>>> print(open('entry.txt').read())   # compact mmCIF, C-alpha atoms
# COMPACT_ATOMS: atom_id res chain seq x y z
CA MET X 13 -18.55 -51.90 -17.21
CA PRO X 14 -22.12 -52.11 -18.53
CA SER X 15 -24.02 -49.07 -19.80
CA GLY X 16 -26.45 -47.17 -17.58
CA PHE X 17 -23.92 -45.62 -15.22
CA THR X 18 -24.66 -42.16 -13.88
CA LEU X 19 -22.45 -39.74 -11.98
CA LEU X 20 -24.26 -40.68 -8.77
CA LEU X 21 -23.64 -44.37 -9.32
CA LEU X 22 -19.99 -43.67 -10.09
CA LEU X 23 -19.78 -41.75 -6.79
CA VAL X 24 -21.19 -44.79 -5.02
CA LEU X 25 -18.56 -47.00 -6.68
CA VAL X 26 -15.78 -44.64 -5.57
CA LEU X 27 -17.10 -44.69 -1.98
CA ALA X 28 -17.40 -48.49 -2.10
CA VAL X 29 -13.81 -48.90 -3.26
CA ALA X 30 -12.70 -46.41 -0.58
CA PHE X 31 -14.55 -48.43 2.09
CA ASP X 32 -13.00 -51.66 0.84
CA TYR X 33 -9.53 -50.12 0.93
CA VAL X 34 -10.08 -48.74 4.45
CA ASN X 35 -11.46 -52.14 5.48
CA GLY X 36 -8.25 -53.72 4.19
CA PHE X 37 -5.81 -51.59 6.16
CA HIS X 38 -8.15 -51.40 9.19
CA ASP X 39 -8.35 -55.21 9.32
CA THR X 40 -4.74 -56.06 8.40
CA ALA X 41 -4.27 -56.83 12.08
CA ASN X 42 -6.88 -59.59 11.90
CA ALA X 43 -4.60 -61.73 9.79
CA ILE X 44 -1.08 -60.85 10.85
CA ALA X 45 -1.04 -59.31 14.34
CA THR X 46 -0.32 -62.58 16.09
CA SER X 47 2.30 -63.79 13.59
CA VAL X 48 4.10 -60.42 13.71
CA SER X 49 4.02 -60.20 17.51
CA THR X 50 5.46 -63.72 17.86
CA ARG X 51 8.06 -62.95 15.16
CA ALA X 52 6.88 -65.78 12.97
CA LEU X 53 6.88 -63.32 10.07
CA ARG X 54 8.60 -60.04 9.43
CA PRO X 55 6.03 -57.25 9.21
CA HIS X 56 6.44 -56.39 5.53
CA TYR X 57 6.47 -60.03 4.44
CA ALA X 58 3.39 -60.66 6.59
CA ILE X 59 1.52 -57.78 4.96
CA LEU X 60 2.35 -58.91 1.43
CA MET X 61 1.32 -62.48 2.21
CA SER X 62 -1.89 -61.24 3.79
CA ALA X 63 -2.71 -59.07 0.77
CA ALA X 64 -2.27 -61.99 -1.62
CA ALA X 65 -4.32 -64.38 0.54
CA ASN X 66 -7.06 -61.75 0.94
CA PHE X 67 -7.32 -61.42 -2.83
CA ILE X 68 -7.58 -65.19 -3.35
CA GLY X 69 -10.12 -65.55 -0.55
CA ALA X 70 -12.29 -62.83 -2.07
CA LEU X 71 -12.73 -64.92 -5.21
CA THR X 72 -14.18 -67.96 -3.45
CA GLY X 73 -17.90 -67.14 -3.32
CA THR X 74 -20.71 -64.59 -3.15
CA ALA X 75 -23.04 -65.88 -0.42
CA VAL X 76 -22.17 -63.03 1.95
CA ALA X 77 -22.48 -60.51 -0.88
CA LYS X 78 -26.01 -61.69 -1.60
CA THR X 79 -26.93 -61.23 2.07
CA ILE X 80 -25.71 -57.61 1.99
CA ALA X 81 -27.34 -56.93 -1.38
CA SER X 82 -30.79 -58.32 -0.60
CA GLY X 83 -31.08 -59.68 2.94
CA ILE X 84 -30.89 -56.62 5.21
CA ALA X 85 -32.81 -53.69 3.74
CA THR X 86 -34.90 -52.73 0.74
CA ALA X 87 -33.78 -49.75 -1.32
CA PRO X 88 -36.42 -47.00 -1.64
CA PRO X 89 -38.10 -46.58 -5.02
CA GLY X 90 -36.26 -44.48 -7.57
CA ALA X 91 -32.73 -44.99 -8.86
CA ASP X 92 -31.30 -41.87 -7.22
CA ALA X 93 -32.92 -42.55 -3.84
CA GLY X 94 -31.56 -46.10 -3.70
CA GLN X 95 -28.05 -45.00 -4.61
CA ILE X 96 -28.10 -42.19 -2.03
CA VAL X 97 -28.98 -44.78 0.63
CA VAL X 98 -25.96 -46.86 -0.40
CA ALA X 99 -23.70 -43.78 -0.50
CA ALA X 100 -24.83 -42.74 2.99
CA ALA X 101 -24.27 -46.29 4.30
CA LEU X 102 -20.71 -46.22 2.97
CA VAL X 103 -20.05 -42.82 4.53
CA GLY X 104 -21.20 -44.22 7.88
CA GLY X 105 -18.96 -47.27 7.56
CA ILE X 106 -15.89 -45.35 6.42
CA THR X 107 -16.27 -42.70 9.13
CA TRP X 108 -16.49 -45.24 11.98
CA ASP X 109 -13.58 -47.25 10.56
CA LEU X 110 -11.36 -44.17 10.44
CA ILE X 111 -12.31 -43.10 13.97
CA THR X 112 -11.53 -46.51 15.48
CA TRP X 113 -8.36 -46.86 13.38
CA ARG X 114 -7.14 -43.50 14.66
CA LEU X 115 -7.77 -44.64 18.24
CA GLY X 116 -6.18 -48.05 17.61
CA ILE X 117 -9.39 -49.91 18.50
CA PRO X 118 -10.07 -53.17 16.58
CA SER X 119 -13.74 -52.56 15.79
CA SER X 120 -15.74 -54.29 13.08
CA SER X 121 -15.67 -52.92 9.53
CA SER X 122 -18.43 -55.38 8.70
CA HIS X 123 -20.83 -54.09 11.31
CA ALA X 124 -19.87 -50.51 10.52
CA LEU X 125 -21.10 -51.12 6.96
CA ILE X 126 -24.20 -53.00 8.10
CA GLY X 127 -24.99 -50.33 10.69
CA GLY X 128 -24.57 -47.69 8.01
CA LEU X 129 -26.93 -49.55 5.69
CA ILE X 130 -29.54 -49.90 8.43
CA GLY X 131 -29.30 -46.23 9.41
CA ALA X 132 -29.51 -44.95 5.83
CA ALA X 133 -32.39 -47.28 4.93
CA VAL X 134 -34.43 -46.23 7.97
CA ALA X 135 -33.71 -42.56 7.26
CA ALA X 136 -34.98 -42.97 3.71
CA GLY X 137 -37.92 -45.33 4.14
CA GLY X 138 -38.60 -45.86 7.83
CA VAL X 139 -38.30 -49.12 9.74
CA ASN X 140 -40.42 -50.89 7.11
CA ALA X 141 -37.39 -50.69 4.81
CA LEU X 142 -35.61 -53.22 7.01
CA LYS X 143 -35.85 -57.00 6.72
CA PRO X 144 -36.10 -58.19 10.36
CA ASP X 145 -35.65 -61.89 9.62
CA GLY X 146 -32.51 -61.30 7.60
CA ILE X 147 -31.05 -58.95 10.23
CA ALA X 148 -31.84 -61.40 13.06
CA GLU X 149 -30.52 -64.53 11.32
CA LYS X 150 -27.62 -63.13 9.32
CA VAL X 151 -26.43 -60.22 11.49
CA LEU X 152 -27.49 -60.36 15.13
CA LEU X 153 -27.16 -64.12 15.65
CA PRO X 154 -23.60 -64.26 14.23
CA LEU X 155 -22.78 -61.04 16.09
CA VAL X 156 -23.53 -62.76 19.39
CA LEU X 157 -22.37 -66.30 18.62
CA SER X 158 -19.10 -65.71 16.77
CA PRO X 159 -17.19 -64.11 19.70
CA ILE X 160 -18.52 -66.80 22.05
CA LEU X 161 -17.29 -69.47 19.65
CA GLY X 162 -13.97 -67.65 19.30
CA ILE X 163 -13.35 -67.60 23.04
CA GLY X 164 -14.62 -71.15 23.64
CA ILE X 165 -12.94 -72.91 20.73
CA GLY X 166 -9.72 -70.92 21.16
CA PHE X 167 -9.57 -71.92 24.82
CA LEU X 168 -10.23 -75.61 24.06
CA MET X 169 -7.79 -75.72 21.14
CA MET X 170 -5.04 -74.23 23.27
CA VAL X 171 -5.70 -76.70 26.08
CA LEU X 172 -5.57 -79.54 23.55
CA LEU X 173 -2.26 -78.36 22.05
CA LEU X 174 -0.67 -77.89 25.45
CA ASN X 175 -1.68 -81.41 26.50
CA VAL X 176 -0.53 -83.02 23.24
CA PHE X 177 2.87 -81.28 23.42
CA ARG X 178 3.26 -81.18 27.21
CA ARG X 179 6.55 -83.14 27.04
CA ALA X 180 8.05 -80.97 24.29
CA HIS X 181 10.91 -78.62 25.06
CA PRO X 182 9.48 -75.05 25.15
CA ARG X 183 12.13 -73.62 22.81
CA ARG X 184 11.70 -76.39 20.23
CA LEU X 185 7.92 -76.14 20.51
CA ASN X 186 8.05 -72.40 19.80
CA GLU X 187 10.31 -72.92 16.80
CA ARG X 188 7.93 -75.46 15.28
CA PHE X 189 4.83 -73.36 15.81
CA ARG X 190 6.60 -70.25 14.57
CA ARG X 191 6.92 -72.01 11.21
CA LEU X 192 3.35 -73.30 11.37
CA GLN X 193 2.15 -69.76 12.01
CA VAL X 194 3.05 -68.82 8.45
CA LEU X 195 0.33 -71.25 7.33
CA SER X 196 -2.19 -70.21 9.98
CA ALA X 197 -1.68 -66.50 9.17
CA ALA X 198 -2.26 -67.22 5.47
CA TYR X 199 -5.37 -69.23 6.40
CA MET X 200 -6.64 -66.30 8.47
CA ALA X 201 -6.02 -63.81 5.66
CA PHE X 202 -7.75 -66.11 3.17
CA SER X 203 -10.82 -66.37 5.40
CA HIS X 204 -10.86 -62.59 5.87
CA GLY X 205 -11.02 -62.09 2.11
CA SER X 206 -13.75 -64.70 1.80
CA ASN X 207 -16.01 -62.73 4.14
CA ASP X 208 -15.06 -59.07 4.21
CA ALA X 209 -14.47 -58.42 0.52
CA GLN X 210 -17.90 -59.85 -0.21
CA LYS X 211 -19.54 -57.09 1.83
CA THR X 212 -18.29 -54.51 -0.63
CA MET X 213 -19.40 -56.74 -3.50
CA GLY X 214 -22.85 -56.83 -1.93
CA ILE X 215 -23.14 -53.07 -1.39
CA ILE X 216 -22.05 -52.37 -4.99
CA THR X 217 -24.55 -54.93 -6.26
CA LEU X 218 -27.29 -53.28 -4.20
CA ALA X 219 -26.44 -49.93 -5.82
CA LEU X 220 -26.45 -51.50 -9.30
CA VAL X 221 -29.89 -53.01 -8.69
CA ALA X 222 -31.23 -49.74 -7.28
CA GLY X 223 -29.84 -47.88 -10.30
CA GLY X 224 -31.44 -50.27 -12.77
CA VAL X 225 -28.11 -51.55 -14.11
CA LEU X 226 -28.87 -55.06 -12.79
CA ALA X 227 -32.30 -56.70 -12.80
CA GLU X 228 -31.53 -58.90 -9.77
CA PRO X 229 -28.82 -59.08 -7.08
CA VAL X 230 -26.34 -61.34 -8.88
CA VAL X 231 -22.75 -60.19 -8.34
CA PRO X 232 -20.99 -59.45 -11.67
CA LEU X 233 -17.46 -60.71 -12.24
CA TRP X 234 -16.02 -57.19 -12.55
CA VAL X 235 -17.45 -56.32 -9.12
CA ILE X 236 -15.77 -59.40 -7.60
CA ILE X 237 -12.40 -58.43 -9.11
CA LEU X 238 -12.80 -54.77 -8.08
CA ALA X 239 -13.61 -55.63 -4.46
CA ALA X 240 -10.86 -58.24 -4.21
CA THR X 241 -8.29 -55.78 -5.58
CA ALA X 242 -9.33 -52.90 -3.32
CA ILE X 243 -9.25 -54.92 -0.09
CA SER X 244 -5.90 -56.51 -0.94
CA LEU X 245 -4.37 -53.10 -1.72
CA GLY X 246 -5.73 -51.79 1.58
CA THR X 247 -4.24 -54.77 3.38
CA ALA X 248 -0.88 -54.02 1.75
CA GLY X 249 -1.11 -50.52 3.24
CA GLY X 250 -1.06 -51.98 6.75
CA GLY X 251 -2.75 -50.86 9.95
CA TRP X 252 -0.03 -50.65 12.55
CA ARG X 253 -2.04 -49.03 15.34
CA ILE X 254 -4.48 -51.95 15.53
CA ILE X 255 -1.75 -54.53 14.93
CA ARG X 256 -0.05 -53.32 18.12
CA THR X 257 -3.30 -53.49 20.10
CA MET X 258 -4.24 -57.00 19.02
CA GLY X 259 -0.78 -58.54 18.84
CA GLN X 260 0.88 -57.07 21.90
CA ARG X 261 -1.49 -55.34 24.30
CA VAL X 262 -4.42 -57.75 24.86
CA VAL X 263 -2.31 -60.75 25.87
CA LYS X 264 1.33 -61.82 25.47
CA LEU X 265 1.44 -64.42 22.71
CA ASP X 266 3.86 -67.25 21.98
CA PRO X 267 3.84 -68.93 18.53
CA VAL X 268 1.67 -71.80 19.77
CA HIS X 269 -0.90 -69.28 21.01
CA GLY X 270 -0.83 -67.41 17.72
CA PHE X 271 -1.31 -70.61 15.73
CA ALA X 272 -4.27 -71.64 17.88
CA ALA X 273 -5.94 -68.23 17.68
CA GLU X 274 -5.53 -67.86 13.91
CA THR X 275 -6.65 -71.40 13.13
CA THR X 276 -9.69 -71.06 15.38
CA ALA X 277 -10.76 -67.71 13.96
CA ALA X 278 -10.19 -68.64 10.31
CA THR X 279 -12.28 -71.81 10.63
CA ILE X 280 -15.19 -69.91 12.21
CA ILE X 281 -15.04 -67.19 9.54
CA LEU X 282 -14.95 -69.64 6.63
CA GLY X 283 -17.94 -71.46 8.08
CA ALA X 284 -19.85 -68.17 8.29
CA SER X 285 -18.90 -67.31 4.69
CA THR X 286 -20.32 -70.62 3.52
CA PHE X 287 -23.69 -69.81 5.09
CA GLY X 288 -23.75 -66.22 3.85
CA MET X 289 -23.25 -64.69 7.30
CA PRO X 290 -21.34 -61.36 7.33
CA VAL X 291 -19.48 -61.90 10.59
CA SER X 292 -16.91 -59.56 12.01
CA THR X 293 -13.46 -61.00 11.43
CA THR X 294 -12.23 -58.53 14.06
CA HIS X 295 -14.62 -59.88 16.68
CA VAL X 296 -13.68 -63.47 15.92
CA ILE X 297 -9.89 -63.11 16.01
CA SER X 298 -10.00 -60.81 19.05
CA SER X 299 -12.15 -63.27 20.99
CA ALA X 300 -9.99 -66.20 19.88
CA ILE X 301 -6.91 -64.37 21.20
CA MET X 302 -8.69 -63.82 24.52
CA GLY X 303 -9.71 -67.50 24.72
CA VAL X 304 -6.21 -68.70 23.91
CA GLY X 305 -4.65 -66.32 26.45
CA ALA X 306 -7.10 -67.34 29.18
CA SER X 307 -6.09 -70.99 28.75
CA ASP X 308 -2.76 -70.27 30.47
CA ARG X 309 -4.31 -68.29 33.29
CA PHE X 310 -7.30 -66.00 33.46
CA SER X 311 -5.19 -63.03 34.51
CA ALA X 312 -2.98 -63.34 31.41
CA VAL X 313 -5.59 -61.39 29.46
CA ARG X 314 -5.67 -57.64 30.01
CA TRP X 315 -9.39 -57.57 30.61
CA GLY X 316 -9.53 -53.78 30.97
CA LEU X 317 -8.34 -53.35 27.40
CA ALA X 318 -10.53 -56.23 26.29
CA TRP X 319 -13.52 -54.46 27.84
CA ASN X 320 -12.72 -51.32 25.82
CA ILE X 321 -12.72 -53.45 22.69
CA VAL X 322 -16.11 -54.92 23.62
CA ILE X 323 -17.53 -51.41 24.13
CA ALA X 324 -16.37 -50.54 20.61
CA TRP X 325 -18.13 -53.66 19.32
CA VAL X 326 -21.38 -52.61 20.98
CA LEU X 327 -21.15 -49.03 19.73
CA THR X 328 -20.31 -49.90 16.12
CA LEU X 329 -23.82 -50.62 14.81
CA PRO X 330 -25.61 -47.61 16.37
CA ALA X 331 -22.72 -45.19 15.80
CA SER X 332 -22.30 -46.01 12.10
CA ALA X 333 -26.09 -46.01 11.69
CA ALA X 334 -26.27 -42.50 13.18
CA VAL X 335 -23.52 -41.21 10.90
CA ALA X 336 -25.21 -42.79 7.88
CA TRP X 337 -28.54 -41.18 8.85
CA ILE X 338 -26.88 -37.76 8.98
CA ALA X 339 -25.11 -38.47 5.68
CA TRP X 340 -28.43 -39.39 4.05
CA GLU X 341 -30.05 -36.17 5.30
CA ILE X 342 -27.23 -34.17 3.71
CA LEU X 343 -26.83 -36.15 0.48
CA SER X 344 -30.57 -36.36 -0.22
CA ARG X 345 -30.68 -32.56 -0.24
CA VAL X 346 -27.49 -32.03 -2.23
CA LEU X 347 -27.69 -34.76 -4.88
>>> encode(input="entry.txt", output="structure tokens")
Amino acid sequence: MPSGFTLLLLLVLVLAVAFDYVNGFHDTANAIATSVSTRALRPHYAILMSAAANFIGALTGTAVAKTIASGIATAPPGADAGQIVVAAALVGGITWDLITWRLGIPSSSSHALIGGLIGAAVAAGGVNALKPDGIAEKVLLPLVLSPILGIGIGFLMMVLLLNVFRRAHPRRLNERFRRLQVLSAAYMAFSHGSNDAQKTMGIITLALVAGGVLAEPVVPLWVIILAATAISLGTAGGGWRIIRTMGQRVVKLDPVHGFAAETTAATIILGASTFGMPVSTTHVISSAIMGVGASDRFSAVRWGLAWNIVIAWVLTLPASAAVAWIAWEILSRVL
């Protein structure tokens, strides 16, 4: 690591790694819930595969990291003030992740972090600290569009597959797609790493810039490796509560459904990563599962549970922002 590190900055790094780890086990379900529920993969094999694919995906770019580091909020003047904002943002994100994990609700780690960053930045510097254009284009627009795309494309892909293979024997069809799900689950895990690990890279880079260690928000190689390692280790820890919710309780999935949902979600997420958009992988895979399930019949989806998930989506930004605001009020007086 370069020189210039202070105890406060080291605290921020510890919190960032903790968030990345929590993100990993909170979002394990994103990659493997469908393949585990359809028995395409045994749980422990699925987790190990997901951890490896997450790590590889995290090494594929930094566009999302740059959005987090410089496209949402401006750190207040002063090295300590900027790092306290980042620390408070991470506390907000971690707290909301742990609450929703405990309740088994597949909320967005991405928007928990972004909400935390918004709340801490406003607490420190007022609304002028925010970058409205960046928030509108890189956060709010993907927040609205990605679930719509997940439902729509998932529905259409499932209809297409069912028409192409309408003459196939159901048992043989399931066997084939159970094998294909190994690839689609790996694809989903890879896309998750390409988007979610970069958010931690971005928040660390923001802290390094605020602390004067970096002159501009360019993600160092050691930050990329650190974030990739932390999220893959978190993924290896598993998140069984949310896996059960997404893989078994929202809609009953066959292997063909799982393949369609994972392929749809992974493609949307990779596209967002390319354009530097920090989308919620949880939102995308959840909505893709709903779209795929609705293709059989509308009532196949347990819409009451789905509605609870949507409520968690809506609450994530303001709830994590509120926690981060409180954390900033405390940390700014203690540190």
>>> closest_residue(input="entry.txt", among="X:Leu174, X:Met200, X:Val139, X:Ile126", to="Ala81 (chain X)", atoms="only C-alpha atoms")
X:Ile126
>>> residues_around(input="entry.txt", residues="Leu329 (chain X)", least_positions_apart="2", cutoff="7 Å", atoms="all atoms listed in the file", output="mmCIF file with C-alpha atoms, in the frame of the given file")
data_model
loop_
_atom_site.group_PDB
_atom_site.id
_atom_site.type_symbol
_atom_site.label_atom_id
_atom_site.label_comp_id
_atom_site.auth_asym_id
_atom_site.auth_seq_id
_atom_site.Cartn_x
_atom_site.Cartn_y
_atom_site.Cartn_z
ATOM 1 C CA HIS X 123 -20.830 -54.090 11.310
ATOM 2 C CA ALA X 124 -19.870 -50.510 10.520
ATOM 3 C CA GLY X 127 -24.990 -50.330 10.690
ATOM 4 C CA VAL X 326 -21.380 -52.610 20.980
ATOM 5 C CA LEU X 327 -21.150 -49.030 19.730
ATOM 6 C CA ALA X 331 -22.720 -45.190 15.800
ATOM 7 C CA SER X 332 -22.300 -46.010 12.100
ATOM 8 C CA ALA X 333 -26.090 -46.010 11.690
#
>>> atom_distance(input="entry.txt", atom1="CA of Ala334 (chain X)", atom2="CA of Ala132 (chain X)")
8.4 Å
>>> residues_near_point(input="entry.txt", point="(-19.1, -58.2, -6.4)", cutoff="10 Å", atoms="all atoms listed in the file", output="list in words")
Ala70, Leu71, Gly73, Thr74, Ala77, Lys78, Ala81, Ala209, Gln210, Lys211, Thr212, Met213, Gly214, Ile215, Ile216, Thr217, Leu218, Pro229, Val230, Val231, Pro232, Leu233, Trp234, Val235, Ile236, Ile237, Leu238, Ala239 and Ala240 of chain X
>>> atom_distance(input="entry.txt", atom1="CA of Leu21 (chain X)", atom2="CA of Gln95 (chain X)")
6.5 Å
>>> atom_distance(input="entry.txt", atom1="CA of Ala248 (chain X)", atom2="CA of Tyr33 (chain X)")
9.5 Å
>>> residues_around(input="entry.txt", residues="Leu125 (chain X)", least_positions_apart="4", cutoff="8 Å", atoms="all atoms listed in the file", output="list of chain:residue names")
X:Ala101, X:Leu102, X:Gly104, X:Gly105, X:Ile106, X:Ser121, X:Leu129, X:Ser332
>>> closest_residue(input="entry.txt", among="X:Ala336, X:Ser119, X:Pro290, X:Trp113", to="Asp208 (chain X)", atoms="all atoms listed in the file")
X:Pro290
>>> closest_residue(input="entry.txt", among="X:Ala87, X:Leu110, X:Leu157, X:Val221", to="Ser292 (chain X)", atoms="all atoms listed in the file")
X:Leu157
>>> closest_residue(input="entry.txt", among="X:Ala272, X:Ala64, X:Met289, X:Leu22", to="Leu168 (chain X)", atoms="all atoms listed in the file")
X:Ala272
>>> residues_around(input="entry.txt", residues="Pro267 (chain X)", least_positions_apart="4", cutoff="12 Å", atoms="only C-alpha atoms", output="JSON, numbers by chain")
{"X": [45, 46, 47, 48, 49, 50, 51, 52, 53, 170, 173, 182, 183, 184, 185, 186, 187, 188, 189, 190, 191, 192, 193, 194, 195, 196, 197, 259, 271, 272, 273, 274, 301, 304, 305]}
>>> closest_residue(input="entry.txt", among="X:Ile243, X:Asp92, X:Ile130, X:Ile59", to="Arg345 (chain X)", atoms="all atoms listed in the file")
X:Asp92
>>> closest_residue(input="entry.txt", among="X:Val176, X:Leu347, X:Ala141, X:Ile117", to="Trp319 (chain X)", atoms="only C-alpha atoms")
X:Ile117
>>> residues_around(input="entry.txt", residues="Ala65 (chain X)", least_positions_apart="5", cutoff="8 Å", atoms="all atoms listed in the file", output="ChimeraX atom specification")
/X:198-199,201-202,205
>>> write_last_selection(input="entry.txt", atoms="C-alpha atoms", output="CSV table (one decimal), in the coordinates of the input")
chain,number,residue,atom,x,y,z
X,198,ALA,CA,-2.3,-67.2,5.5
X,199,TYR,CA,-5.4,-69.2,6.4
X,201,ALA,CA,-6.0,-63.8,5.7
X,202,PHE,CA,-7.8,-66.1,3.2
X,205,GLY,CA,-11.0,-62.1,2.1
>>> residues_around(input="entry.txt", residues="Ala222 (chain X)", least_positions_apart="3", cutoff="6 Å", atoms="all atoms listed in the file", output="NGL selection string")
:X and (91 or 94 or 219)
>>> write_last_selection(input="entry.txt", atoms="C-alpha atoms", output="tab-separated table (two decimals), in the frame of the given file")
chain	number	residue	atom	x	y	z
X	91	ALA	CA	-32.73	-44.99	-8.86
X	94	GLY	CA	-31.56	-46.10	-3.70
X	219	ALA	CA	-26.44	-49.93	-5.82
>>> axis_aligned_box(input="entry.txt", around="region 161-180 of chain X", padding_each_side="4 Å", output="AutoDock Vina command-line options")
--center_x -4.6 --center_y -75.4 --center_z 23.3 --size_x 33.3 --size_y 23.5 --size_z 15.9
>>> decode(input="entry.txt", residues="region 73-96 of chain X", atoms="N, CA and C atoms", output="CSV table (one decimal), in the first residue's frame")
chain,number,residue,atom,x,y,z
X,73,GLY,N,-13.2,-4.7,-15.1
X,73,GLY,CA,-13.3,-3.3,-15.4
X,73,GLY,C,-13.5,-2.4,-14.2
X,74,THR,N,-13.5,-1.1,-14.4
X,74,THR,CA,-13.7,-0.2,-13.3
X,74,THR,C,-14.7,0.9,-13.5
X,75,ALA,N,-15.5,0.8,-14.6
X,75,ALA,CA,-16.5,1.8,-14.9
X,75,ALA,C,-17.4,2.1,-13.8
X,76,VAL,N,-18.0,1.1,-13.2
X,76,VAL,CA,-18.9,1.3,-12.1
X,76,VAL,C,-18.2,1.9,-10.9
X,77,ALA,N,-16.9,1.5,-10.6
X,77,ALA,CA,-16.2,2.0,-9.5
X,77,ALA,C,-16.0,3.5,-9.7
X,78,LYS,N,-15.7,4.0,-10.9
X,78,LYS,CA,-15.5,5.4,-11.2
X,78,LYS,C,-16.8,6.2,-10.9
X,79,THR,N,-18.0,5.6,-11.2
X,79,THR,CA,-19.2,6.2,-10.9
X,79,THR,C,-19.4,6.4,-9.4
X,80,ILE,N,-19.1,5.4,-8.6
X,80,ILE,CA,-19.2,5.5,-7.2
X,80,ILE,C,-18.3,6.5,-6.6
X,81,ALA,N,-17.0,6.5,-7.2
X,81,ALA,CA,-16.0,7.4,-6.6
X,81,ALA,C,-16.2,8.8,-7.0
X,82,SER,N,-16.8,9.1,-8.1
X,82,SER,CA,-16.8,10.6,-8.5
X,82,SER,C,-18.1,11.0,-9.1
X,83,GLY,N,-19.1,10.1,-9.3
X,83,GLY,CA,-20.3,10.5,-10.0
X,83,GLY,C,-21.6,10.7,-9.2
X,84,ILE,N,-21.5,10.6,-7.8
X,84,ILE,CA,-22.7,10.6,-7.0
X,84,ILE,C,-22.6,11.8,-6.0
X,85,ALA,N,-21.5,12.0,-5.3
X,85,ALA,CA,-21.4,13.0,-4.3
X,85,ALA,C,-20.0,13.5,-4.3
X,86,THR,N,-19.8,14.7,-3.8
X,86,THR,CA,-18.5,15.3,-3.6
X,86,THR,C,-18.1,15.3,-2.1
X,87,ALA,N,-16.9,14.8,-1.8
X,87,ALA,CA,-16.5,14.7,-0.4
X,87,ALA,C,-16.3,16.1,0.1
X,88,PRO,N,-16.6,16.4,1.4
X,88,PRO,CA,-16.4,17.7,2.0
X,88,PRO,C,-14.9,18.0,2.1
X,89,PRO,N,-14.5,19.2,2.1
X,89,PRO,CA,-13.1,19.6,2.2
X,89,PRO,C,-12.5,19.1,3.6
X,90,GLY,N,-11.2,18.7,3.5
X,90,GLY,CA,-10.5,18.1,4.7
X,90,GLY,C,-10.5,16.6,4.6
X,91,ALA,N,-9.3,16.1,4.8
X,91,ALA,CA,-9.1,14.6,4.7
X,91,ALA,C,-10.0,13.9,5.6
X,92,ASP,N,-10.0,14.3,6.9
X,92,ASP,CA,-10.8,13.6,7.9
X,92,ASP,C,-12.3,13.6,7.6
X,93,ALA,N,-12.8,14.8,7.2
X,93,ALA,CA,-14.2,14.9,6.9
X,93,ALA,C,-14.6,14.0,5.8
X,94,GLY,N,-13.8,14.0,4.7
X,94,GLY,CA,-14.2,13.1,3.6
X,94,GLY,C,-14.2,11.6,4.0
X,95,GLN,N,-13.2,11.2,4.8
X,95,GLN,CA,-13.2,9.8,5.2
X,95,GLN,C,-14.3,9.5,6.1
X,96,ILE,N,-14.7,10.4,7.0
X,96,ILE,CA,-15.8,10.1,7.9
X,96,ILE,C,-17.1,10.0,7.1
